[in-house]
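Participant: My structure is in start.pdb, and what it holds is PDB, C-alpha atoms:
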```pdb
ATOM      1  CA  MET V  13     -31.780  13.797  31.601
ATOM      2  CA  GLN V  14     -30.710  13.563  35.237
ATOM      3  CA  GLN V  15     -34.265  12.620  36.266
ATOM      4  CA  ASN V  16     -34.298   9.842  33.663
ATOM      5  CA  ASN V  17     -31.008   8.468  35.014
ATOM      6  CA  VAL V  18     -32.390   8.444  38.563
ATOM      7  CA  LEU V  19     -35.533   6.642  37.406
ATOM      8  CA  LYS V  20     -33.431   4.097  35.541
ATOM      9  CA  GLY V  21     -31.325   3.585  38.652
ATOM     10  CA  VAL V  22     -34.448   3.103  40.783
ATOM     11  CA  LEU V  23     -35.784   0.447  38.400
ATOM     12  CA  LEU V  24     -32.444  -1.401  38.324
ATOM     13  CA  VAL V  25     -32.051  -1.396  42.115
ATOM     14  CA  GLY V  26     -35.687  -2.414  42.602
ATOM     15  CA  LEU V  27     -35.278  -5.307  40.182
ATOM     16  CA  GLY V  28     -32.061  -6.419  41.884
ATOM     17  CA  ALA V  29     -33.711  -6.311  45.309
ATOM     18  CA  SER V  30     -36.653  -8.315  43.936
ATOM     19  CA  PHE V  31     -34.278 -11.064  42.790
ATOM     20  CA  TYR V  32     -32.750 -11.129  46.270
ATOM     21  CA  GLY V  33     -36.275 -11.504  47.633
ATOM     22  CA  MET V  34     -36.902 -14.487  45.358
ATOM     23  CA  LEU V  35     -33.649 -16.057  46.546
ATOM     24  CA  ALA V  36     -34.913 -16.543  50.111
ATOM     25  CA  THR V  37     -37.607 -19.006  48.992
ATOM     26  CA  PHE V  38     -35.131 -21.236  47.167
ATOM     27  CA  VAL V  39     -32.754 -21.101  50.130
ATOM     28  CA  LYS V  40     -35.621 -22.343  52.328
ATOM     29  CA  LEU V  41     -36.330 -25.149  49.853
ATOM     30  CA  SER V  42     -32.677 -26.212  49.898
ATOM     31  CA  TYR V  43     -32.707 -26.245  53.712
ATOM     32  CA  LYS V  44     -35.762 -28.507  53.661
ATOM     33  CA  GLU V  45     -33.702 -31.004  51.658
ATOM     34  CA  GLY V  46     -31.013 -30.958  54.332
ATOM     35  CA  PHE V  47     -28.359 -28.741  52.756
ATOM     36  CA  THR V  48     -26.302 -26.576  55.113
ATOM     37  CA  THR V  49     -25.699 -22.833  55.051
ATOM     38  CA  ALA V  50     -22.079 -23.431  54.033
ATOM     39  CA  GLU V  51     -23.164 -25.620  51.103
ATOM     40  CA  VAL V  52     -25.791 -23.126  49.947
ATOM     41  CA  THR V  53     -23.475 -20.117  50.080
ATOM     42  CA  THR V  54     -20.580 -22.030  48.509
ATOM     43  CA  ALA V  55     -22.669 -23.167  45.541
ATOM     44  CA  GLN V  56     -24.050 -19.655  45.219
ATOM     45  CA  PHE V  57     -20.629 -17.994  45.071
ATOM     46  CA  VAL V  58     -18.715 -20.648  43.117
ATOM     47  CA  LEU V  59     -21.248 -20.754  40.277
ATOM     48  CA  GLY V  60     -21.733 -16.988  40.559
ATOM     49  CA  ILE V  61     -18.032 -16.353  39.991
ATOM     50  CA  LEU V  62     -17.927 -18.819  37.087
ATOM     51  CA  GLY V  63     -20.998 -17.169  35.561
ATOM     52  CA  MET V  64     -19.468 -13.711  35.905
ATOM     53  CA  LEU V  65     -16.225 -14.922  34.288
ATOM     54  CA  LEU V  66     -18.222 -16.131  31.279
ATOM     55  CA  LEU V  67     -20.212 -12.881  31.071
ATOM     56  CA  ASN V  68     -17.020 -10.812  31.253
ATOM     57  CA  LEU V  69     -15.438 -12.952  28.558
ATOM     58  CA  TYR V  70     -18.493 -12.504  26.342
ATOM     59  CA  GLN V  71     -18.472  -8.741  26.923
ATOM     60  CA  SER V  72     -14.788  -8.393  26.089
ATOM     61  CA  LYS V  73     -15.208 -10.387  22.862
ATOM     62  CA  PHE V  74     -18.514  -9.158  21.472
ATOM     63  CA  SER V  75     -19.575  -5.916  23.159
ATOM     64  CA  LYS V  76     -19.261  -2.791  21.026
ATOM     65  CA  LYS V  77     -19.292  -0.548  24.110
ATOM     66  CA  SER V  78     -15.894  -0.018  25.686
ATOM     67  CA  PHE V  79     -15.249   0.636  29.380
ATOM     68  CA  PRO V  80     -12.125   2.053  31.012
ATOM     69  CA  SER V  81      -9.874  -0.460  32.724
ATOM     70  CA  ILE V  82     -10.219  -0.642  36.483
ATOM     71  CA  THR V  83      -7.192   0.788  38.241
ATOM     72  CA  SER V  84      -5.168  -1.452  40.542
ATOM     73  CA  GLY V  85      -6.235   0.667  43.526
ATOM     74  CA  ASP V  86      -9.927   0.257  42.707
ATOM     75  CA  LYS V  87      -9.461  -3.472  42.153
ATOM     76  CA  LYS V  88      -8.205  -3.797  45.718
ATOM     77  CA  LYS V  89     -11.067  -1.649  47.001
ATOM     78  CA  LEU V  90     -13.623  -3.788  45.155
ATOM     79  CA  LEU V  91     -12.123  -7.010  46.539
ATOM     80  CA  ILE V  92     -12.187  -5.629  50.068
ATOM     81  CA  ALA V  93     -15.688  -4.191  49.644
ATOM     82  CA  GLY V  94     -16.823  -7.506  48.145
ATOM     83  CA  THR V  95     -16.116  -9.261  51.427
ATOM     84  CA  SER V  96     -19.202  -7.466  52.729
ATOM     85  CA  MET V  97     -21.324  -9.596  50.366
ATOM     86  CA  GLY V  98     -20.063 -12.763  52.016
ATOM     87  CA  CYS V  99     -20.243 -11.209  55.483
ATOM     88  CA  THR V 100     -23.893 -10.275  55.058
ATOM     89  CA  SER V 101     -24.879 -13.923  54.565
ATOM     90  CA  LEU V 102     -22.508 -15.125  57.272
ATOM     91  CA  PHE V 103     -23.647 -12.627  59.918
ATOM     92  CA  TYR V 104     -27.319 -13.126  59.087
ATOM     93  CA  TYR V 105     -27.126 -16.908  59.440
ATOM     94  CA  LEU V 106     -25.225 -16.546  62.708
ATOM     95  CA  ALA V 107     -27.963 -14.209  63.940
ATOM     96  CA  VAL V 108     -30.776 -16.673  63.287
ATOM     97  CA  GLN V 109     -29.025 -19.240  65.479
ATOM     98  CA  TYR V 110     -29.753 -17.040  68.500
ATOM     99  CA  ILE V 111     -32.891 -15.055  67.651
ATOM    100  CA  ASN V 112     -36.186 -15.463  65.802
ATOM    101  CA  VAL V 113     -35.958 -15.163  62.008
ATOM    102  CA  SER V 114     -38.445 -12.261  62.043
ATOM    103  CA  VAL V 115     -36.213 -10.312  64.427
ATOM    104  CA  ALA V 116     -33.196 -11.069  62.232
ATOM    105  CA  ILE V 117     -35.005  -9.675  59.168
ATOM    106  CA  VAL V 118     -35.942  -6.515  61.093
ATOM    107  CA  LEU V 119     -32.309  -6.082  62.098
ATOM    108  CA  LEU V 120     -31.139  -6.667  58.521
ATOM    109  CA  MET V 121     -33.502  -3.959  57.273
ATOM    110  CA  GLN V 122     -31.682  -1.459  59.482
ATOM    111  CA  SER V 123     -29.384  -1.187  56.470
ATOM    112  CA  VAL V 124     -31.939   1.293  55.089
ATOM    113  CA  TRP V 125     -31.292   4.007  57.683
ATOM    114  CA  ILE V 126     -27.611   3.092  57.996
ATOM    115  CA  SER V 127     -27.208   3.819  54.267
ATOM    116  CA  VAL V 128     -29.067   7.118  54.596
ATOM    117  CA  VAL V 129     -26.749   8.118  57.462
ATOM    118  CA  ILE V 130     -23.679   7.149  55.400
ATOM    119  CA  GLU V 131     -24.926   9.238  52.478
ATOM    120  CA  ALA V 132     -25.596  12.217  54.754
ATOM    121  CA  PHE V 133     -22.086  11.919  56.205
ATOM    122  CA  ILE V 134     -20.492  11.732  52.744
ATOM    123  CA  LYS V 135     -22.504  14.640  51.331
ATOM    124  CA  LYS V 136     -22.233  16.559  54.622
ATOM    125  CA  GLU V 137     -25.907  17.467  54.518
ATOM    126  CA  MET V 138     -29.040  16.329  56.311
ATOM    127  CA  PRO V 139     -31.331  13.947  54.415
ATOM    128  CA  SER V 140     -34.555  15.438  53.113
ATOM    129  CA  LEU V 141     -37.742  15.237  55.166
ATOM    130  CA  ARG V 142     -39.277  12.983  52.539
ATOM    131  CA  LYS V 143     -36.340  10.584  52.812
ATOM    132  CA  ILE V 144     -36.583  10.488  56.611
ATOM    133  CA  ILE V 145     -40.344   9.839  56.441
ATOM    134  CA  SER V 146     -39.799   7.081  53.857
ATOM    135  CA  VAL V 147     -37.194   5.376  56.044
ATOM    136  CA  ALA V 148     -39.588   5.484  59.011
ATOM    137  CA  ILE V 149     -42.386   3.977  56.903
ATOM    138  CA  VAL V 150     -40.094   1.210  55.618
ATOM    139  CA  LEU V 151     -38.993   0.273  59.138
ATOM    140  CA  ALA V 152     -42.582   0.327  60.442
ATOM    141  CA  GLY V 153     -43.717  -1.725  57.451
ATOM    142  CA  THR V 154     -40.928  -4.226  58.134
ATOM    143  CA  LEU V 155     -42.206  -4.749  61.680
ATOM    144  CA  LEU V 156     -45.682  -5.511  60.315
ATOM    145  CA  ALA V 157     -44.543  -7.565  57.306
ATOM    146  CA  THR V 158     -42.517  -9.897  59.529
ATOM    147  CA  ASN V 159     -45.439 -10.141  61.985
ATOM    148  CA  ILE V 160     -43.020  -9.593  64.835
ATOM    149  CA  ILE V 161     -45.695  -7.817  66.900
ATOM    150  CA  ASN V 162     -47.813 -10.974  67.321
ATOM    151  CA  GLN V 163     -44.947 -13.272  68.261
ATOM    152  CA  ASP V 164     -43.575 -14.257  71.638
ATOM    153  CA  ILE V 165     -39.900 -13.453  71.156
ATOM    154  CA  ALA V 166     -36.821 -14.167  73.252
ATOM    155  CA  LEU V 167     -33.887 -11.857  72.535
ATOM    156  CA  ASP V 168     -30.238 -12.836  72.777
ATOM    157  CA  TRP V 169     -27.543 -10.160  72.658
ATOM    158  CA  ARG V 170     -25.429 -12.334  70.345
ATOM    159  CA  GLY V 171     -28.231 -12.528  67.808
ATOM    160  CA  ILE V 172     -28.794  -8.772  67.962
ATOM    161  CA  MET V 173     -25.067  -8.165  67.482
ATOM    162  CA  TRP V 174     -24.819 -10.459  64.450
ATOM    163  CA  GLY V 175     -28.030  -9.015  62.969
ATOM    164  CA  LEU V 176     -26.759  -5.436  63.197
ATOM    165  CA  LEU V 177     -23.438  -6.521  61.707
ATOM    166  CA  ALA V 178     -25.374  -8.090  58.804
ATOM    167  CA  ALA V 179     -27.206  -4.785  58.264
ATOM    168  CA  SER V 180     -23.909  -2.878  58.321
ATOM    169  CA  SER V 181     -22.397  -5.327  55.823
ATOM    170  CA  PHE V 182     -25.368  -4.968  53.484
ATOM    171  CA  ALA V 183     -25.116  -1.170  53.726
ATOM    172  CA  THR V 184     -21.404  -1.471  52.899
ATOM    173  CA  THR V 185     -22.218  -3.517  49.794
ATOM    174  CA  MET V 186     -24.657  -0.834  48.616
ATOM    175  CA  PHE V 187     -22.107   1.889  49.409
ATOM    176  CA  ALA V 188     -19.458   0.091  47.331
ATOM    177  CA  ALA V 189     -21.859  -0.287  44.400
ATOM    178  CA  ASN V 190     -22.605   3.440  44.623
ATOM    179  CA  THR V 191     -19.088   4.854  44.954
ATOM    180  CA  ILE V 192     -16.240   2.540  43.907
ATOM    181  CA  ALA V 193     -15.136   2.393  40.243
ATOM    182  CA  THR V 194     -18.400   3.863  38.939
ATOM    183  CA  TYR V 195     -16.676   4.364  35.580
ATOM    184  CA  ALA V 196     -16.155   0.626  35.105
ATOM    185  CA  SER V 197     -18.314  -2.077  33.591
ATOM    186  CA  PRO V 198     -20.891  -3.381  36.094
ATOM    187  CA  LEU V 199     -19.924  -6.905  35.017
ATOM    188  CA  ARG V 200     -16.267  -6.368  35.853
ATOM    189  CA  LYS V 201     -17.095  -4.653  39.161
ATOM    190  CA  THR V 202     -19.380  -7.515  40.131
ATOM    191  CA  LEU V 203     -16.678 -10.089  39.357
ATOM    192  CA  TYR V 204     -14.155  -8.450  41.683
ATOM    193  CA  MET V 205     -16.726  -8.042  44.449
ATOM    194  CA  LEU V 206     -17.801 -11.673  44.132
ATOM    195  CA  CYS V 207     -14.188 -12.777  44.458
ATOM    196  CA  GLY V 208     -13.957 -10.787  47.691
ATOM    197  CA  GLY V 209     -17.173 -12.361  48.951
ATOM    198  CA  GLY V 210     -15.928 -15.779  47.883
ATOM    199  CA  ILE V 211     -12.984 -15.454  50.267
ATOM    200  CA  ILE V 212     -15.354 -14.988  53.228
ATOM    201  CA  VAL V 213     -17.596 -17.852  52.117
ATOM    202  CA  SER V 214     -14.576 -20.152  51.708
ATOM    203  CA  LEU V 215     -13.439 -19.368  55.244
ATOM    204  CA  PHE V 216     -16.983 -19.972  56.486
ATOM    205  CA  LEU V 217     -17.096 -23.343  54.694
ATOM    206  CA  PHE V 218     -13.812 -24.422  56.240
ATOM    207  CA  PHE V 219     -14.394 -23.262  59.810
ATOM    208  CA  GLY V 220     -18.155 -23.943  59.837
ATOM    209  CA  GLN V 221     -18.315 -27.386  58.222
ATOM    210  CA  ILE V 222     -15.304 -29.002  56.553
ATOM    211  CA  GLY V 223     -12.664 -28.122  59.157
ATOM    212  CA  PRO V 224     -14.582 -29.363  62.235
ATOM    213  CA  TYR V 225     -15.484 -32.534  60.327
ATOM    214  CA  TYR V 226     -11.867 -33.491  59.594
ATOM    215  CA  PHE V 227     -10.040 -31.858  62.526
ATOM    216  CA  ASP V 228     -11.032 -32.368  66.157
ATOM    217  CA  GLY V 229      -9.292 -29.155  67.212
ATOM    218  CA  LEU V 230     -11.545 -27.086  64.997
ATOM    219  CA  LYS V 231     -14.620 -28.913  66.328
ATOM    220  CA  SER V 232     -14.112 -27.364  69.760
ATOM    221  CA  PHE V 233     -13.541 -23.983  68.112
ATOM    222  CA  TYR V 234     -16.811 -24.402  66.193
ATOM    223  CA  SER V 235     -18.711 -25.104  69.411
ATOM    224  CA  ASN V 236     -17.967 -21.536  70.575
ATOM    225  CA  PHE V 237     -20.118 -20.165  67.748
ATOM    226  CA  SER V 238     -22.815 -22.777  67.219
ATOM    227  CA  ASP V 239     -24.738 -25.381  69.169
ATOM    228  CA  ASN V 240     -25.719 -27.285  66.016
ATOM    229  CA  PRO V 241     -23.358 -30.233  65.359
ATOM    230  CA  ALA V 242     -25.484 -31.412  62.406
ATOM    231  CA  ASN V 243     -23.620 -29.002  60.115
ATOM    232  CA  ILE V 244     -20.329 -30.799  60.757
ATOM    233  CA  ARG V 245     -20.135 -33.251  57.861
ATOM    234  CA  ALA V 246     -18.590 -33.857  54.449
ATOM    235  CA  PHE V 247     -19.610 -31.427  51.701
ATOM    236  CA  ASP V 248     -22.659 -32.515  49.682
ATOM    237  CA  PHE V 249     -21.807 -31.655  46.067
ATOM    238  CA  SER V 250     -25.356 -32.381  44.864
ATOM    239  CA  ILE V 251     -26.235 -28.815  45.937
ATOM    240  CA  PHE V 252     -24.583 -27.621  42.713
ATOM    241  CA  VAL V 253     -26.929 -29.725  40.574
ATOM    242  CA  LYS V 254     -30.155 -29.216  42.524
ATOM    243  CA  TYR V 255     -30.020 -25.545  43.506
ATOM    244  CA  GLY V 256     -26.662 -24.113  42.436
ATOM    245  CA  LEU V 257     -27.815 -22.465  39.208
ATOM    246  CA  ILE V 258     -30.865 -20.710  40.623
ATOM    247  CA  LEU V 259     -29.039 -19.680  43.831
ATOM    248  CA  SER V 260     -26.197 -18.130  41.871
ATOM    249  CA  LEU V 261     -28.511 -16.487  39.333
ATOM    250  CA  PHE V 262     -30.754 -14.838  41.952
ATOM    251  CA  GLY V 263     -28.036 -14.330  44.573
ATOM    252  CA  THR V 264     -24.654 -13.545  43.055
ATOM    253  CA  ILE V 265     -25.168 -12.713  39.378
ATOM    254  CA  LEU V 266     -28.286 -10.660  38.669
ATOM    255  CA  PRO V 267     -28.636  -8.599  41.900
ATOM    256  CA  PRO V 268     -24.986  -7.404  42.081
ATOM    257  CA  ILE V 269     -24.983  -6.492  38.381
ATOM    258  CA  LEU V 270     -28.213  -4.538  38.782
ATOM    259  CA  PHE V 271     -26.995  -2.864  41.990
ATOM    260  CA  ASN V 272     -23.685  -1.877  40.406
ATOM    261  CA  SER V 273     -25.611  -0.447  37.443
ATOM    262  CA  GLY V 274     -28.389   1.230  39.437
ATOM    263  CA  PHE V 275     -26.858   2.657  42.613
ATOM    264  CA  PRO V 276     -24.573   5.216  40.909
ATOM    265  CA  LYS V 277     -27.676   6.589  39.175
ATOM    266  CA  ALA V 278     -30.143   6.409  42.081
ATOM    267  CA  GLY V 279     -27.771   7.382  44.902
ATOM    268  CA  LEU V 280     -27.101   5.522  48.135
ATOM    269  CA  GLY V 281     -29.966   6.928  50.231
ATOM    270  CA  LEU V 282     -32.722   6.510  47.638
ATOM    271  CA  GLY V 283     -31.273   3.205  46.442
ATOM    272  CA  SER V 284     -31.240   1.726  49.946
ATOM    273  CA  ILE V 285     -34.925   2.568  50.396
ATOM    274  CA  ILE V 286     -35.744   0.995  47.023
ATOM    275  CA  SER V 287     -33.778  -2.106  48.074
ATOM    276  CA  SER V 288     -36.417  -2.731  50.758
ATOM    277  CA  MET V 289     -38.428  -4.272  47.878
ATOM    278  CA  GLU V 290     -36.584  -7.437  48.876
ATOM    279  CA  LEU V 291     -38.888  -8.065  51.849
ATOM    280  CA  PRO V 292     -42.292  -7.813  50.061
ATOM    281  CA  VAL V 293     -41.045 -10.049  47.258
ATOM    282  CA  SER V 294     -39.667 -12.557  49.769
ATOM    283  CA  VAL V 295     -42.992 -12.741  51.649
ATOM    284  CA  ALA V 296     -44.992 -12.994  48.411
ATOM    285  CA  MET V 297     -42.765 -15.779  47.045
ATOM    286  CA  ALA V 298     -43.044 -17.729  50.303
ATOM    287  CA  PHE V 299     -46.831 -17.357  50.080
ATOM    288  CA  ILE V 300     -46.987 -18.512  46.441
ATOM    289  CA  LEU V 301     -44.349 -21.279  46.298
ATOM    290  CA  LEU V 302     -44.087 -22.480  49.887
ATOM    291  CA  GLY V 303     -47.716 -21.992  50.876
ATOM    292  CA  GLU V 304     -46.684 -20.076  53.997
ATOM    293  CA  LYS V 305     -49.491 -18.285  55.808
ATOM    294  CA  VAL V 306     -49.417 -14.508  55.417
ATOM    295  CA  ASP V 307     -51.660 -12.588  57.821
ATOM    296  CA  ALA V 308     -53.516  -9.391  56.983
ATOM    297  CA  ILE V 309     -51.107  -7.388  59.147
ATOM    298  CA  GLN V 310     -48.222  -8.644  56.996
ATOM    299  CA  TRP V 311     -49.943  -7.512  53.794
ATOM    300  CA  CYS V 312     -50.413  -4.111  55.447
ATOM    301  CA  GLY V 313     -46.680  -3.985  56.156
ATOM    302  CA  ILE V 314     -45.915  -4.868  52.546
ATOM    303  CA  ALA V 315     -48.275  -2.111  51.383
ATOM    304  CA  MET V 316     -46.458   0.380  53.635
ATOM    305  CA  ILE V 317     -43.077  -0.531  52.162
ATOM    306  CA  LEU V 318     -44.419  -0.190  48.623
ATOM    307  CA  PHE V 319     -45.973   3.159  49.565
ATOM    308  CA  ALA V 320     -42.613   4.389  50.875
ATOM    309  CA  ILE V 321     -40.991   3.443  47.571
ATOM    310  CA  VAL V 322     -43.681   5.293  45.616
ATOM    311  CA  LEU V 323     -43.342   8.288  47.966
ATOM    312  CA  MET V 324     -39.611   8.512  47.306
ATOM    313  CA  ASN V 325     -40.210   8.562  43.566
ATOM    314  CA  LEU V 326     -42.993  11.148  43.386
ATOM    315  CA  PRO V 327     -41.959  14.344  41.583
ATOM    316  CA  GLN V 328     -40.790  16.940  44.082
ATOM    317  CA  ARG V 329     -43.337  19.511  43.001
ATOM    318  CA  LYS V 330     -46.201  17.179  43.994
ATOM    319  CA  LEU V 331     -44.927  16.749  47.516
ATOM    320  CA  ASN V 332     -43.796  20.263  48.400
TER     321      ASN V 332
END
```
As structure tokens - that is how I would like this structure written.

Facilitator:
Amino acid sequence: MQQNNVLKGVLLVGLGASFYGMLATFVKLSYKEGFTTAEVTTAQFVLGILGMLLLNLYQSKFSKKSFPSITSGDKKKLLIAGTSMGCTSLFYYLAVQYINVSVAIVLLMQSVWISVVIEAFIKKEMPSLRKIISVAIVLAGTLLATNIINQDIALDWRGIMWGLLAASSFATTMFAANTIATYASPLRKTLYMLCGGGIIVSLFLFFGQIGPYYFDGLKSFYSNFSDNPANIRAFDFSIFVKYGLILSLFGTILPPILFNSGFPKAGLGLGSIISSMELPVSVAMAFILLGEKVDAIQWCGIAMILFAIVLMNLPQRKLN
């Protein structure tokens, strides 16, 4: 029974990570049409929260399965933990202003070993050899899948800092899905976490676009964090019509629900390794929909990540 729950958790986390991987392609398409990071993330969270409100309303009215109410203490924890969802996007997009996108992705994938370390600290035991090997394979596969080896890269300490903060935020999101209010409905947990993330995104929208556009004082403040004045403009509400639905569906509705359902079953360490499915799906979607060139070395990296996921899910008796 326990093995079946773990397998179910693995499938849910893998599916959630795959949706996150699909999201990147649509974000790139929205950027090509001139939408800003603030507009993309705002549409994603606003429609995501509205969608989760509707799903929670439907569940409360028609679901035959009852869930315990979330305690006031856990509600606060979920709101605070949910800020990590907004921070992950914010820190990642700050990182890519200073460093190559491939480097930023590599830094983001550090969330895999960060999560394993967090789990080891919580359980007060060393991770298994198989888990350590799988983490190493995932990180090596990430280097190949992003083709970072064949690129001439200039590093900036600010980009590295923001990238590592993004990885830490993503690990925090996975930790929250694994530990906080595991007794509650995944839909209700997701709603509270999205509200927490929405606070961060709202602040980002104000200080990164709307505020500098309307207030000269904030424009000088903005210049300390970005050299791109093109983002300072009035909000383009057409983002909600063109990309809002698909961004919210693949970014703030399906993945958090699946993570909140799957992580308590799979565990933080295993779940974080499974979440690396995001990168292969992202590369494959860019290849299929955007026509981006994918070299043989990148396919090798994708194969390594998939192998690590299979390795983590082999029965113990076959490996020992």

Participant: Do you have the atom CA of Met97 of chain V-atom CA of Arg245 of chain V distance handy?

Facilitator: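 Interatomic distance here is 24.8 Å.
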
Participant: Between V:Asn243, V:Ser181, V:Ser127, V:Ser42, single out the one closest to Gly220 of chain V, counting only C-alpha atoms.

Facilitator: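 Going through V:Asn243, V:Ser181, V:Ser127, V:Ser42 one by one, the smallest distance to Gly220 of chain V is for V:Asn243.
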
Participant: Using only the atoms of segment 212-222 of chain V listed in the file, plus 5 Å on each side, state the axis-aligned box centre and edge lengths in Å rounded to one decimal, as JSON.

Facilitator:
```
{"center_x": -15.9, "center_y": -22.0, "center_z": 55.8, "size_x": 14.9, "size_y": 24.0, "size_z": 18.1}
```

Participant: Find the distance between atom CA of Leu67 of chain V and atom CA of Ser294 of chain V and write it in Å to one decimal.

Facilitator: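 So the two atoms, atom CA of Leu67 of chain V and atom CA of Ser294 of chain V, lie 27.0 Å apart.
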
Participant: In Å to one decimal, how far is atom CA of Thr37 of chain V from atom CA of Ala296 of chain V?

Facilitator: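 Result for atom CA of Ala296 of chain V versus atom CA of Thr37 of chain V: 9.5 Å, one decimal.
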
Participant: Considering only C-alpha atoms, can you say which of V:Val115, V:Ala179, V:Ile314, V:Ala189 comes closest to Asn162 of chain V?

Facilitator: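 Of V:Val115, V:Ala179, V:Ile314, V:Ala189, the one nearest Asn162 of chain V, counting only C-alpha atoms, is V:Val115.
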
Participant: Taking all atoms listed in the file into account, produce a table as a tab-separated table in which each residue of segment 159-194 of chain V with an atom at most 12 Å from an atom of segment 19-29 of chain V appears once, together with its shortest atom pair and the distance in Å to one decimal, ordered by chain and rising number.

Facilitator:
```
residue	atom	partner	partner_atom	distance
V:Phe182	CA	V:Ala29	CA	11.8
V:Met186	CA	V:Val25	CA	9.9
V:Ala189	CA	V:Val25	CA	10.5
V:Asn190	CA	V:Gly21	CA	10.6
```

Participant: Kindly export the residues of the current selection with C-alpha atoms, as a PDB file, in the coordinates of the input.

Facilitator:
```pdb
ATOM      1  CA  PHE V 182     -25.368  -4.968  53.484  1.00  0.00           C
ATOM      2  CA  MET V 186     -24.657  -0.834  48.616  1.00  0.00           C
ATOM      3  CA  ALA V 189     -21.859  -0.287  44.400  1.00  0.00           C
ATOM      4  CA  ASN V 190     -22.605   3.440  44.623  1.00  0.00           C
TER       5      ASN V 190
END
```

Participant: Determine the residue set returned by the PyMOL selection byres ((chain V and resi 309) around 10) for the present structure, and present it as number ranges by chain.

Facilitator: V: 153, 155-159, 161-162, 306-308, 310-315

Participant: Generate the output file for the selected residues, C-alpha atoms, as a short mmCIF file (atom, residue, chain, number, x, y, z; two decimals), in the coordinates of the input.

Facilitator:
```cif
data_model
loop_
_atom_site.label_atom_id
_atom_site.label_comp_id
_atom_site.auth_asym_id
_atom_site.auth_seq_id
_atom_site.Cartn_x
_atom_site.Cartn_y
_atom_site.Cartn_z
CA GLY V 153 -43.72 -1.72 57.45
CA LEU V 155 -42.21 -4.75 61.68
CA LEU V 156 -45.68 -5.51 60.32
CA ALA V 157 -44.54 -7.56 57.31
CA THR V 158 -42.52 -9.90 59.53
CA ASN V 159 -45.44 -10.14 61.98
CA ILE V 161 -45.70 -7.82 66.90
CA ASN V 162 -47.81 -10.97 67.32
CA VAL V 306 -49.42 -14.51 55.42
CA ASP V 307 -51.66 -12.59 57.82
CA ALA V 308 -53.52 -9.39 56.98
CA GLN V 310 -48.22 -8.64 57.00
CA TRP V 311 -49.94 -7.51 53.79
CA CYS V 312 -50.41 -4.11 55.45
CA GLY V 313 -46.68 -3.98 56.16
CA ILE V 314 -45.92 -4.87 52.55
CA ALA V 315 -48.28 -2.11 51.38
#
```

Participant: Which of these, V:Ile269, V:Ala193, V:Leu323, V:Val39, has the shortest distance to Ile145 of chain V once you count all atoms listed in the file?

Facilitator: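 The closest residue to Ile145 of chain V is V:Leu323.
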
Participant: With all atoms listed in the file as the atoms that count, which of V:Asn325, V:Ser235, V:Thr53, V:Ser75 lies nearest to Leu282 of chain V?

Facilitator: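 Of the candidates, the smallest distance to Leu282 of chain V is held by V:Asn325.
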
Participant: Point out the residue among V:Leu203, V:Leu120, V:Ala242, V:Val293 with the least atom-to-atom distance to Gly175 of chain V, counting all atoms listed in the file.

Facilitator: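 Closest to Gly175 of chain V, using all atoms listed in the file: V:Leu120.
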
Participant: Could you check which of V:Ala246, V:Ser84, V:Leu106, V:Met289 is closest to Asp168 of chain V, using all atoms listed in the file?

Facilitator: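 Distance minimum relative to Asp168 of chain V lands on V:Leu106.
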
Participant: Apply the PyMOL selection byres ((chain V and resi 278) around 6) to the structure shown and report the selected residues as a PyMOL selection string.

Facilitator: chain V and resi 18+21-22+275-277+279+283

Participant: Could you give me, as a tab-separated table, every segment 57-135 of chain V residue with an atom at most 12 Å from segment 247-255 of chain V, plus its closest atom pair and distance in Å to one decimal, counting all atoms listed in the file, rows ordered by chain then number?

Facilitator:
```
residue	atom	partner	partner_atom	distance
V:Phe57	CA	V:Phe252	CA	10.7
V:Val58	CA	V:Phe252	CA	9.1
V:Leu59	CA	V:Phe252	CA	8.0
V:Gly60	CA	V:Phe252	CA	11.2
```

Participant: Give me the segment 57-157 of chain V side of the contact with segment 196-202 of chain V, cut-off 10 Å, one line per residue showing its nearest atom pair and distance in Å at one decimal, counting all atoms listed in the file, sorted by chain and residue number, as a Markdown table.

Facilitator:
```
| residue | atom | partner | partner_atom | distance |
| --- | --- | --- | --- | --- |
| V:Gly60 | CA | V:Thr202 | CA | 9.8 |
| V:Ile61 | CA | V:Thr202 | CA | 8.9 |
| V:Met64 | CA | V:Leu199 | CA | 6.9 |
| V:Leu65 | CA | V:Arg200 | CA | 8.7 |
| V:Leu67 | CA | V:Leu199 | CA | 7.2 |
| V:Asn68 | CA | V:Leu199 | CA | 6.2 |
| V:Leu69 | CA | V:Arg200 | CA | 9.9 |
| V:Gln71 | CA | V:Leu199 | CA | 8.4 |
| V:Lys77 | CA | V:Ser197 | CA | 9.7 |
| V:Ser78 | CA | V:Ser197 | CA | 8.5 |
| V:Phe79 | CA | V:Ala196 | CA | 5.8 |
| V:Pro80 | CA | V:Ala196 | CA | 5.9 |
| V:Ser81 | CA | V:Ala196 | CA | 6.8 |
| V:Ile82 | CA | V:Ala196 | CA | 6.2 |
| V:Thr83 | CA | V:Ala196 | CA | 9.5 |
| V:Asp86 | CA | V:Lys201 | CA | 9.4 |
| V:Lys87 | CA | V:Lys201 | CA | 8.3 |
| V:Leu90 | CA | V:Lys201 | CA | 7.0 |
| V:Leu91 | CA | V:Lys201 | CA | 9.2 |
| V:Gly94 | CA | V:Thr202 | CA | 8.4 |
```

Participant: Please provide as a VMD selection string all residues within 9 Å of Phe319 of chain V, with the sequence filter that same-chain residues fewer than 6 positions apart are discarded (counting only C-alpha atoms).

Facilitator: chain V and resid 146 149 to 150

Participant: Please expand the PyMOL selection byres ((chain V and resi 111) around 6) into the concrete residues it hits in this file, giving the result as a VMD selection string.

Facilitator: chain V and resid 108 110 112 167 171
